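One file, work_4.txt, carrying compact mmCIF, N, CA and C atoms:
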# COMPACT_ATOMS: atom_id res chain seq x y z
N MET A 76 5.81 -13.08 -1.27
CA MET A 76 6.42 -11.81 -0.99
C MET A 76 5.87 -10.82 -2.01
N ILE A 77 5.53 -9.64 -1.54
CA ILE A 77 5.09 -8.55 -2.41
C ILE A 77 6.00 -7.36 -2.18
N TYR A 78 6.49 -6.81 -3.28
CA TYR A 78 7.25 -5.57 -3.22
C TYR A 78 6.48 -4.55 -4.05
N ALA A 79 6.27 -3.37 -3.49
CA ALA A 79 5.64 -2.29 -4.24
C ALA A 79 6.32 -0.98 -3.86
N SER A 80 6.55 -0.17 -4.86
CA SER A 80 7.07 1.17 -4.62
C SER A 80 6.05 1.94 -3.80
N ASP A 81 6.50 2.91 -3.01
CA ASP A 81 5.55 3.67 -2.19
C ASP A 81 4.73 4.65 -3.01
N HIS A 82 5.23 5.10 -4.16
CA HIS A 82 4.47 5.97 -5.05
C HIS A 82 5.21 6.09 -6.37
N GLY A 83 4.49 6.57 -7.37
CA GLY A 83 5.11 6.84 -8.66
C GLY A 83 5.63 8.26 -8.69
N GLU A 84 5.96 8.71 -9.87
CA GLU A 84 6.56 10.04 -10.04
C GLU A 84 5.89 10.76 -11.20
N SER A 85 5.57 12.04 -11.01
CA SER A 85 5.07 12.86 -12.11
C SER A 85 6.28 13.53 -12.76
N LEU A 86 6.44 13.27 -14.05
CA LEU A 86 7.60 13.78 -14.78
C LEU A 86 7.17 14.74 -15.89
N GLY A 87 6.25 15.62 -15.56
CA GLY A 87 5.80 16.64 -16.50
C GLY A 87 4.41 16.42 -17.04
N GLU A 88 3.76 15.29 -16.71
CA GLU A 88 2.40 15.06 -17.16
C GLU A 88 1.50 16.17 -16.63
N CYS A 89 0.74 16.78 -17.53
CA CYS A 89 -0.19 17.87 -17.17
C CYS A 89 0.52 18.98 -16.39
N GLY A 90 1.79 19.18 -16.65
CA GLY A 90 2.53 20.25 -15.99
C GLY A 90 2.99 19.93 -14.58
N ARG A 91 2.81 18.69 -14.14
CA ARG A 91 3.21 18.30 -12.78
C ARG A 91 4.63 17.73 -12.79
N LEU A 92 5.46 18.26 -11.92
CA LEU A 92 6.81 17.73 -11.69
C LEU A 92 6.94 17.53 -10.18
N THR A 93 6.42 16.40 -9.71
CA THR A 93 6.35 16.18 -8.26
C THR A 93 6.14 14.69 -7.96
N HIS A 94 6.10 14.37 -6.70
CA HIS A 94 5.69 13.04 -6.26
C HIS A 94 4.96 13.17 -4.94
N GLY A 95 4.15 12.17 -4.63
CA GLY A 95 3.41 12.19 -3.38
C GLY A 95 2.35 13.27 -3.32
N ALA A 96 1.77 13.62 -4.45
CA ALA A 96 0.74 14.67 -4.48
C ALA A 96 -0.50 14.21 -3.74
N ASP A 97 -1.22 15.17 -3.21
CA ASP A 97 -2.45 14.86 -2.49
C ASP A 97 -3.59 14.49 -3.43
N ASP A 98 -3.55 15.02 -4.65
CA ASP A 98 -4.62 14.70 -5.59
C ASP A 98 -4.37 13.33 -6.23
N TYR A 99 -5.41 12.76 -6.77
CA TYR A 99 -5.37 11.43 -7.35
C TYR A 99 -4.83 11.52 -8.77
N VAL A 100 -3.56 11.19 -8.96
CA VAL A 100 -2.97 11.22 -10.29
C VAL A 100 -2.42 9.84 -10.62
N GLU A 101 -2.81 9.34 -11.79
CA GLU A 101 -2.50 7.96 -12.17
C GLU A 101 -1.01 7.67 -12.19
N GLU A 102 -0.20 8.59 -12.70
CA GLU A 102 1.24 8.30 -12.82
C GLU A 102 1.90 8.15 -11.46
N GLN A 103 1.26 8.61 -10.40
CA GLN A 103 1.81 8.41 -9.06
C GLN A 103 1.17 7.21 -8.35
N ARG A 104 -0.01 6.80 -8.82
CA ARG A 104 -0.73 5.69 -8.19
C ARG A 104 -0.33 4.35 -8.77
N ILE A 105 -0.01 4.26 -10.07
CA ILE A 105 0.43 3.02 -10.71
C ILE A 105 1.91 2.86 -10.41
N VAL A 106 2.27 1.78 -9.71
CA VAL A 106 3.63 1.66 -9.17
C VAL A 106 4.30 0.36 -9.60
N PRO A 107 5.64 0.33 -9.52
CA PRO A 107 6.33 -0.95 -9.69
C PRO A 107 5.84 -1.93 -8.63
N PHE A 108 5.58 -3.15 -9.04
CA PHE A 108 4.92 -4.11 -8.16
C PHE A 108 5.44 -5.49 -8.52
N ILE A 109 6.05 -6.18 -7.56
CA ILE A 109 6.61 -7.52 -7.80
C ILE A 109 5.98 -8.48 -6.80
N VAL A 110 5.53 -9.62 -7.30
CA VAL A 110 4.97 -10.67 -6.44
C VAL A 110 5.81 -11.92 -6.65
N TRP A 111 6.24 -12.56 -5.57
CA TRP A 111 7.02 -13.79 -5.65
C TRP A 111 6.34 -14.84 -4.79
N PHE A 112 6.24 -16.05 -5.32
CA PHE A 112 5.67 -17.18 -4.58
C PHE A 112 6.73 -18.26 -4.43
N SER A 113 6.78 -18.88 -3.26
CA SER A 113 7.69 -20.01 -3.06
C SER A 113 7.19 -21.21 -3.87
N ASP A 114 8.07 -22.15 -4.12
CA ASP A 114 7.67 -23.38 -4.81
C ASP A 114 6.60 -24.13 -4.02
N SER A 115 6.70 -24.09 -2.71
CA SER A 115 5.72 -24.75 -1.85
C SER A 115 4.34 -24.13 -2.03
N TYR A 116 4.27 -22.80 -2.04
CA TYR A 116 2.98 -22.12 -2.23
C TYR A 116 2.42 -22.43 -3.61
N LYS A 117 3.28 -22.38 -4.64
CA LYS A 117 2.82 -22.65 -6.00
C LYS A 117 2.25 -24.06 -6.13
N SER A 118 2.85 -25.03 -5.46
CA SER A 118 2.33 -26.40 -5.55
C SER A 118 1.06 -26.58 -4.71
N SER A 119 0.93 -25.82 -3.63
CA SER A 119 -0.27 -25.91 -2.79
C SER A 119 -1.45 -25.14 -3.37
N TYR A 120 -1.17 -24.03 -4.06
CA TYR A 120 -2.22 -23.16 -4.59
C TYR A 120 -1.93 -22.81 -6.06
N PRO A 121 -1.91 -23.81 -6.93
CA PRO A 121 -1.54 -23.54 -8.33
C PRO A 121 -2.49 -22.56 -9.02
N ASP A 122 -3.76 -22.57 -8.69
CA ASP A 122 -4.71 -21.67 -9.34
C ASP A 122 -4.42 -20.21 -8.98
N LYS A 123 -4.07 -19.97 -7.73
CA LYS A 123 -3.76 -18.60 -7.30
C LYS A 123 -2.47 -18.12 -7.96
N TRP A 124 -1.47 -18.97 -8.01
CA TRP A 124 -0.21 -18.60 -8.65
C TRP A 124 -0.43 -18.29 -10.13
N LYS A 125 -1.19 -19.14 -10.82
CA LYS A 125 -1.46 -18.93 -12.24
C LYS A 125 -2.26 -17.65 -12.47
N ALA A 126 -3.18 -17.34 -11.55
CA ALA A 126 -3.97 -16.12 -11.68
C ALA A 126 -3.07 -14.89 -11.61
N VAL A 127 -2.15 -14.88 -10.66
CA VAL A 127 -1.23 -13.75 -10.53
C VAL A 127 -0.32 -13.69 -11.76
N LYS A 128 0.19 -14.82 -12.17
CA LYS A 128 1.07 -14.88 -13.34
C LYS A 128 0.38 -14.35 -14.59
N SER A 129 -0.92 -14.59 -14.72
CA SER A 129 -1.66 -14.14 -15.90
C SER A 129 -1.77 -12.62 -15.98
N LEU A 130 -1.48 -11.94 -14.88
CA LEU A 130 -1.60 -10.48 -14.82
C LEU A 130 -0.25 -9.79 -14.96
N GLU A 131 0.72 -10.50 -15.50
CA GLU A 131 2.09 -10.03 -15.56
C GLU A 131 2.24 -8.61 -16.14
N LYS A 132 1.46 -8.24 -17.10
CA LYS A 132 1.58 -6.93 -17.74
C LYS A 132 0.52 -5.93 -17.26
N LYS A 133 -0.30 -6.31 -16.31
CA LYS A 133 -1.37 -5.44 -15.81
C LYS A 133 -0.79 -4.28 -15.01
N GLU A 134 -1.36 -3.10 -15.19
CA GLU A 134 -0.97 -1.97 -14.36
C GLU A 134 -1.55 -2.18 -12.97
N ILE A 135 -0.68 -2.11 -11.97
CA ILE A 135 -1.07 -2.41 -10.60
C ILE A 135 -0.93 -1.16 -9.74
N SER A 136 -1.85 -1.01 -8.81
CA SER A 136 -1.77 0.10 -7.87
C SER A 136 -1.81 -0.45 -6.45
N HIS A 137 -1.62 0.44 -5.51
CA HIS A 137 -1.68 0.05 -4.10
C HIS A 137 -3.07 -0.48 -3.72
N ASP A 138 -4.07 -0.17 -4.52
CA ASP A 138 -5.42 -0.62 -4.22
C ASP A 138 -5.50 -2.14 -4.09
N TYR A 139 -4.60 -2.86 -4.72
CA TYR A 139 -4.63 -4.32 -4.75
C TYR A 139 -3.93 -4.99 -3.56
N ILE A 140 -3.04 -4.31 -2.90
CA ILE A 140 -2.17 -4.97 -1.91
C ILE A 140 -2.95 -5.62 -0.78
N PHE A 141 -3.76 -4.86 -0.07
CA PHE A 141 -4.51 -5.38 1.09
C PHE A 141 -5.34 -6.59 0.70
N HIS A 142 -6.13 -6.45 -0.36
CA HIS A 142 -7.06 -7.50 -0.77
C HIS A 142 -6.32 -8.74 -1.28
N THR A 143 -5.21 -8.53 -1.98
CA THR A 143 -4.41 -9.65 -2.49
C THR A 143 -3.79 -10.45 -1.36
N ILE A 144 -3.19 -9.78 -0.41
CA ILE A 144 -2.54 -10.49 0.70
C ILE A 144 -3.54 -11.36 1.45
N LEU A 145 -4.66 -10.77 1.84
CA LEU A 145 -5.63 -11.54 2.61
C LEU A 145 -6.24 -12.67 1.79
N ASP A 146 -6.58 -12.41 0.54
CA ASP A 146 -7.18 -13.45 -0.29
C ASP A 146 -6.19 -14.57 -0.60
N CYS A 147 -4.96 -14.23 -0.91
CA CYS A 147 -3.95 -15.27 -1.21
C CYS A 147 -3.65 -16.13 0.01
N LEU A 148 -3.86 -15.58 1.20
CA LEU A 148 -3.64 -16.34 2.43
C LEU A 148 -4.92 -17.00 2.94
N ASN A 149 -5.98 -16.95 2.12
CA ASN A 149 -7.27 -17.56 2.48
C ASN A 149 -7.88 -16.98 3.75
N ILE A 150 -7.65 -15.70 3.99
CA ILE A 150 -8.25 -15.02 5.14
C ILE A 150 -9.57 -14.42 4.69
N GLU A 151 -10.65 -14.87 5.30
CA GLU A 151 -11.99 -14.40 4.94
C GLU A 151 -12.37 -13.20 5.81
N SER A 152 -12.91 -12.18 5.16
CA SER A 152 -13.36 -10.99 5.86
C SER A 152 -14.28 -10.21 4.94
N ASP A 153 -15.26 -9.53 5.51
CA ASP A 153 -16.11 -8.65 4.72
C ASP A 153 -15.32 -7.47 4.17
N ALA A 154 -14.15 -7.20 4.74
CA ALA A 154 -13.31 -6.10 4.28
C ALA A 154 -12.57 -6.42 2.99
N VAL A 155 -12.50 -7.70 2.63
CA VAL A 155 -11.77 -8.12 1.43
C VAL A 155 -12.66 -7.98 0.21
N ASP A 156 -12.19 -7.20 -0.75
CA ASP A 156 -12.87 -7.05 -2.04
C ASP A 156 -12.15 -7.97 -3.01
N LYS A 157 -12.72 -9.13 -3.26
CA LYS A 157 -12.04 -10.13 -4.08
C LYS A 157 -11.84 -9.67 -5.52
N SER A 158 -12.57 -8.65 -5.95
CA SER A 158 -12.34 -8.11 -7.29
C SER A 158 -11.02 -7.35 -7.35
N LEU A 159 -10.44 -7.03 -6.19
CA LEU A 159 -9.14 -6.37 -6.13
C LEU A 159 -8.03 -7.33 -5.71
N SER A 160 -8.30 -8.62 -5.73
CA SER A 160 -7.28 -9.62 -5.41
C SER A 160 -6.61 -10.12 -6.67
N LEU A 161 -5.31 -10.01 -6.72
CA LEU A 161 -4.56 -10.53 -7.86
C LEU A 161 -4.63 -12.05 -7.92
N CYS A 162 -4.96 -12.70 -6.81
CA CYS A 162 -5.07 -14.16 -6.79
C CYS A 162 -6.33 -14.65 -7.47
N ARG A 163 -7.13 -13.73 -8.01
CA ARG A 163 -8.34 -14.09 -8.75
C ARG A 163 -8.13 -13.91 -10.26
N GLY A 164 -7.00 -13.37 -10.66
CA GLY A 164 -6.74 -13.14 -12.08
C GLY A 164 -7.57 -12.00 -12.63
N SER A 165 -7.81 -12.02 -13.91
CA SER A 165 -8.61 -10.98 -14.56
C SER A 165 -10.05 -11.08 -14.10
N ASN A 166 -10.57 -9.97 -13.65
CA ASN A 166 -11.99 -9.94 -13.20
C ASN A 166 -12.83 -9.17 -14.17

Could you write out this file's structure as structure tokens?
Amino acid sequence: MIYASDHGESLGECGRLTHGADDYVEEQRIVPFIVWFSDSYKSSYPDKWKAVKSLEKKEISHDYIFHTILDCLNIESDAVDKSLSLCRGSN
């Protein structure tokens, strides 16, 4: 299970007091992000679980969601950028 906030919030950084801005601002792109694995998944894919666990303090953005889901589920595609998969740990 993956939970991610839809966006962050600008609370005065660079004079911005807003959310959902069209421009690329880090404080709105880096979001709360929770990943949970069942005991069954952890026992079947211990390396993937450990890789995600090793990133516990990493700043995460929406950029990782698509690639992480497909890679953690072993779905192969040219669209998957494995460098953006949390199941690969630190790249």

Mind checking which residues fall within 12 Å of Lys133 (chain A), counting only C-alpha atoms, ignoring those fewer than 4 positions away in the same chain, and posting them as a list in words?
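Near Lys133 (chain A), the qualifying residues are Ile105, Val106, Pro107, Phe108, Ile109, Ala126, Val127, Lys128, Ser129, Tyr139, Leu161, Gly164, Ser165 and Asn166 of chain A.
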
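Nearest residue to Ala79 (chain A), choosing from A:Arg163, A:His137, A:Lys157, A:His142 and counting only C-alpha atoms: A:His137.
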
CA of Asp153 (chain A) and atom N of Lys132 (chain A) are how many Å apart?
28.0 Å

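Of note, CA of Asp146 (chain A) and atom C of Glu101 (chain A) are spaced 25.0 Å apart.
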
CA of Lys117 (chain A) to CA of Ile140 (chain A) measures 18.8 Å
